[in-house]
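S.K.: Below is a structure I'd like to ask you about.
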Amino acid sequence: MPPPSDKNETPDQRWMHLALDQAQRGVGLTSPNPPVGAVIVAQGKVIGQGYHRKAGEAHAEVAAIRDAQQFNPKLLPGATIFVTLEPCCTQGRTPPCTEAIKTAGIKRVVFGAHDPNPKHQSKCRDIFLLAGIEVTAGVLEAECKAMIRPFAKWITTGIPYVITKAGQSLDGRLTRPAGESQWITNDAARAHGRRLRMRVDAIIVGAETIRKDNPQLTLRDGSAGSGKLQPWRVVLTRSGEIPKHSHIFTDEFKDRTVIMHGKDLPEVLAELGKSNVLTVLIEGGGIILGQAFREKLVDEVYWYIAPRLCGGGRPSLAGPALPNSIELDPVTVRPMGDNVLVHGFPVWKDEPLQD
């Protein structure tokens with residue numbers, strides 16, 4: 001049966017929501033490919049569904065077709081497939097999905113976002129129409145485009161999508177006074193912040209963060225069995241002075257640690273992009289966060305604020321002042337116990353913001 005939905009939604013939108021649910025399962029697992037979900041519908045019910053699990057493995061369309069073939073292959077001919085992203089039409093690590101759809105006998109293709117990859121963009125429609133397959137594009141387009149933000153940036157610029165995260169006091173400090181715990185935010189906020197690592201291919205910190213906090217920068221909080229590789233741990237340093245006993249050099253993931261000596265953040269991002277890193281998480285410290293915002297490198301923000309005043313220590317955005325203040329839009333505010341998460345997307349403007 002169709003999924004429950006708002007009465008104002010069309011049937012296509014309801015089915016596409018199911019495809020988006022499938023795509024969400026692949027977030028953080030598919031680099032350098034985007035997360036994609038697919039659902040196949042016949043006689044008013046789902047007969048197959050799937051998502052892209054890993055680069056080199058079946059794309060979402062093929063996974064859904066295989067699922068439908070196990071369920072009831074007789075229903076495939078004449079069915080409709082709902083896909084969050086325009087089906088690919090070229091040979092890569094796997095055959096083109098357009099051919100798999102044609103071979104399966106599917107007679108209608110509904111997709112959400114056009115593929116930002118120039119090799120595929122807007123090419124599947126002609127292929128399908130020549131094969132007598134109906135095509136509907138742009139269903140829940142905004143939601144489907146949001147799903148592939150990191151891929152869209154990387155495939156068009158070569159630069160990874162940048163997420164920044166910070167846990168700060170009310171007066172904007174990343175550290176507490178000497179002799180106190182290193183933690184500013186509460187357990188819930190810290191756990192939520194760690195789960196962001198599931199979305200990314202690399203985590204960037206400064207050497208000062210390693211020297212002061214000796215963080216692990218590893219996947220935790222239920223990530224076991226997800227198939228997610230430990231993200232690269234990228235450390236930026238000017239002096240090269242990083243304690244050899246640090247977790248990043250001694251734990252089981254020491255081979256996933258990279259030291260970038262004497263390189264600025266834009267140069268580091270460009271190098272990571274060439275290595276098929278689609279998404280990075282900047283976890284600190286204040287100097288790197290400040291540079292990321294001053295140079296307009298940030299795509300998404302997670303800011304955790306604790307009801308605490310520290311009165312000193314490193315500010316969350318250190319270094320020279322920003323040329324302009326930065327708005328987040330859209331923005332969401334979420335309580336986490338006595339902490340607050342502010343999440344949003346920077347609006348970059350060349351001119352000063354007006355009152």
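Note on naming: chains are A, B, ... as they come in the structure tokens, residues start from 1 per chain, ligands start from 1 in the order shown.
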Which neighbours of Ile259 of chain A fall inside 12 Å, counting only C-alpha atoms, when residues of the same chain fewer than 6 positions from it are skipped, and could you give them as a list in words?
M.R.: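 Listing them by chain and then by number gives Ile203, Ile204, Val205, Gly206, Ala207, Ile210, Trp232, Arg233, Val234, Val235, Leu236, Thr237, Arg238, Ser239, Gly240, Glu241, Ile242, Ile248, Phe249 and Val268 of chain A.
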S.K.: Please run DSSP on the backbone and report, as a VMD selection string, all residues within segment 52-278 of chain A that come out as strand (DSSP E).
M.R.: chain A and resid 80 to 85 108 to 113 134 to 137 161 to 168 202 to 206 232 to 237 257 to 261
S.K.: Compare A:Asn214, A:Thr136, A:Thr164, A:Asn276 by their minimum atom-to-atom distance to Ser316 of chain A, counting only C-alpha atoms, and give me the closest one.
M.R.: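 Using only C-alpha atoms, Ser316 of chain A sits closest to A:Thr164.
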S.K.: For Leu322 of chain A, find every residue with an atom within 12 Å (counting only C-alpha atoms), except residues of its own chain fewer than 5 positions away, and show them as a list in words.
M.R.: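 Result of the neighbour search: Leu289, Gly290, Gln291, Ala292, Phe293, Arg294, Glu295, Lys296, Leu317, Trp348 and Pro352 of chain A.
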S.K.: Keeping only N, CA, C and O atoms, write the selected residues as a PDB file, in the first residue's frame.
M.R.:
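Everything below was put into part.pdb:
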```
ATOM      1  N   LEU A 289      38.692  26.830  12.575  1.00  0.00           N
ATOM      2  CA  LEU A 289      37.299  27.243  12.368  1.00  0.00           C
ATOM      3  C   LEU A 289      37.229  28.693  11.898  1.00  0.00           C
ATOM      4  O   LEU A 289      36.463  29.026  10.989  1.00  0.00           O
ATOM      5  N   GLY A 290      38.028  29.557  12.513  1.00  0.00           N
ATOM      6  CA  GLY A 290      38.046  30.958  12.093  1.00  0.00           C
ATOM      7  C   GLY A 290      38.457  31.111  10.651  1.00  0.00           C
ATOM      8  O   GLY A 290      37.846  31.870   9.885  1.00  0.00           O
ATOM      9  N   GLN A 291      39.499  30.386  10.242  1.00  0.00           N
ATOM     10  CA  GLN A 291      39.945  30.473   8.852  1.00  0.00           C
ATOM     11  C   GLN A 291      38.878  29.955   7.905  1.00  0.00           C
ATOM     12  O   GLN A 291      38.638  30.532   6.833  1.00  0.00           O
ATOM     13  N   ALA A 292      38.203  28.868   8.277  1.00  0.00           N
ATOM     14  CA  ALA A 292      37.182  28.292   7.405  1.00  0.00           C
ATOM     15  C   ALA A 292      36.070  29.294   7.121  1.00  0.00           C
ATOM     16  O   ALA A 292      35.589  29.407   5.986  1.00  0.00           O
ATOM     17  N   PHE A 293      35.662  30.045   8.140  1.00  0.00           N
ATOM     18  CA  PHE A 293      34.600  31.032   7.946  1.00  0.00           C
ATOM     19  C   PHE A 293      35.117  32.284   7.249  1.00  0.00           C
ATOM     20  O   PHE A 293      34.419  32.857   6.404  1.00  0.00           O
ATOM     21  N   ARG A 294      36.315  32.726   7.575  1.00  0.00           N
ATOM     22  CA  ARG A 294      36.849  33.931   6.913  1.00  0.00           C
ATOM     23  C   ARG A 294      36.985  33.714   5.410  1.00  0.00           C
ATOM     24  O   ARG A 294      36.767  34.638   4.617  1.00  0.00           O
ATOM     25  N   GLU A 295      37.335  32.502   5.012  1.00  0.00           N
ATOM     26  CA  GLU A 295      37.578  32.231   3.591  1.00  0.00           C
ATOM     27  C   GLU A 295      36.360  31.615   2.903  1.00  0.00           C
ATOM     28  O   GLU A 295      36.467  31.124   1.782  1.00  0.00           O
ATOM     29  N   LYS A 296      35.207  31.634   3.584  1.00  0.00           N
ATOM     30  CA  LYS A 296      33.938  31.195   2.993  1.00  0.00           C
ATOM     31  C   LYS A 296      33.998  29.761   2.480  1.00  0.00           C
ATOM     32  O   LYS A 296      33.519  29.435   1.395  1.00  0.00           O
ATOM     33  N   LEU A 317      35.791  31.103  17.185  1.00  0.00           N
ATOM     34  CA  LEU A 317      36.352  31.576  15.918  1.00  0.00           C
ATOM     35  C   LEU A 317      37.525  32.487  16.256  1.00  0.00           C
ATOM     36  O   LEU A 317      37.351  33.666  16.576  1.00  0.00           O
ATOM     37  N   TRP A 348      26.487  33.225   2.190  1.00  0.00           N
ATOM     38  CA  TRP A 348      27.688  34.011   1.915  1.00  0.00           C
ATOM     39  C   TRP A 348      27.323  35.238   1.085  1.00  0.00           C
ATOM     40  O   TRP A 348      26.694  35.117   0.035  1.00  0.00           O
ATOM     41  N   PRO A 352      28.359  43.892   3.327  1.00  0.00           N
ATOM     42  CA  PRO A 352      27.966  43.805   4.744  1.00  0.00           C
ATOM     43  C   PRO A 352      26.465  43.586   4.877  1.00  0.00           C
ATOM     44  O   PRO A 352      25.673  44.050   4.062  1.00  0.00           O
TER      45      PRO A 352
END
```
S.K.: With 7 Å as the cut-off and only C-alpha atoms counted, what is the closest atom pair between each nearby residue of segment 123-166 of chain A and segment 281-284 of chain A? Distances in Å to one decimal, ordered by chain and number, as a tab-separated table.
M.R.:
```
residue	atom	partner	partner_atom	distance
A:Val162	CA	A:Leu281	CA	6.1
A:Ile163	CA	A:Leu281	CA	4.8
A:Thr164	CA	A:Ile282	CA	4.8
A:Lys165	CA	A:Glu283	CA	5.2
A:Ala166	CA	A:Glu283	CA	6.4
```
S.K.: Identify, with DSSP run on backbone atoms, the residues in segment 185-333 of chain A assigned to helix (DSSP H, G or I), and express the list as an MDAnalysis selection string.
M.R.: chainID A and resid 187:199 207:213 247:250 254:256 265:274 286:294
S.K.: Tell me, in Å to one decimal, how far atom CA of Arg53 of chain A is from atom CA of Leu229 of chain A.
M.R.: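 Atom-to-atom, atom CA of Arg53 of chain A to atom CA of Leu229 of chain A, that is 12.5 Å.
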S.K.: Neighbouring residues of Thr103 of chain A were defined as those with any atom within 10 Å, considering only C-alpha atoms; residues of the same chain fewer than 5 positions away were excluded. Please report them as an MDAnalysis selection string.
M.R.: chainID A and resid 77 97:98
S.K.: Can you spit out the residues from that selection as a JSON list (two decimals), in the first residue's frame, using C-alpha atoms?
M.R.:
```json
[["chain", "number", "residue", "atom", "x", "y", "z"],
["A", 77, "PRO", "CA", 7.18, -5.42, -16.74],
["A", 97, "CYS", "CA", 21.31, 1.99, -14.87],
["A", 98, "THR", "CA", 19.35, 3.10, -17.93]]
```
S.K.: Given only C-alpha atoms as the basis, pick out the residue of A:Ala189, A:Leu140, A:Phe151, A:Asn324 nearest to Thr10 of chain A.
M.R.: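 Selected residue with least distance to Thr10 of chain A: A:Leu140.
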S.K.: Could you check how far atom CA of Arg256 of chain A sits from atom CA of Tyr161 of chain A, in Å to one decimal?
M.R.: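 Separation between atom CA of Arg256 of chain A and atom CA of Tyr161 of chain A: 19.5 Å.
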S.K.: So which residues touch Leu309 of chain A within 7 Å, counting only C-alpha atoms, skipping near sequence neighbours fewer than 6 positions away, as a PyMOL selection string?
M.R.: chain A and resi 169-171
S.K.: Which residues are close to Pro34 of chain A, i.e. within 9 Å by only C-alpha atoms, leaving aside same-chain residues fewer than 6 positions away? Reply as an MDAnalysis selection string.
M.R.: chainID A and resid 26:28 52 55 85 147:152
S.K.: Ranking A:Val110, A:Pro35, A:Gly193, A:Pro73 by minimum distance to Arg14 of chain A and counting only C-alpha atoms, which one comes first?
M.R.: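 Ranked by minimum distance to Arg14 of chain A, first place goes to A:Val110.
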S.K.: For Lys102 of chain A, please output as a ChimeraX atom specification all residues within 9 Å (counting only C-alpha atoms; exclusion window: fewer than 6 positions along the same chain).
M.R.: /A:128,131,133
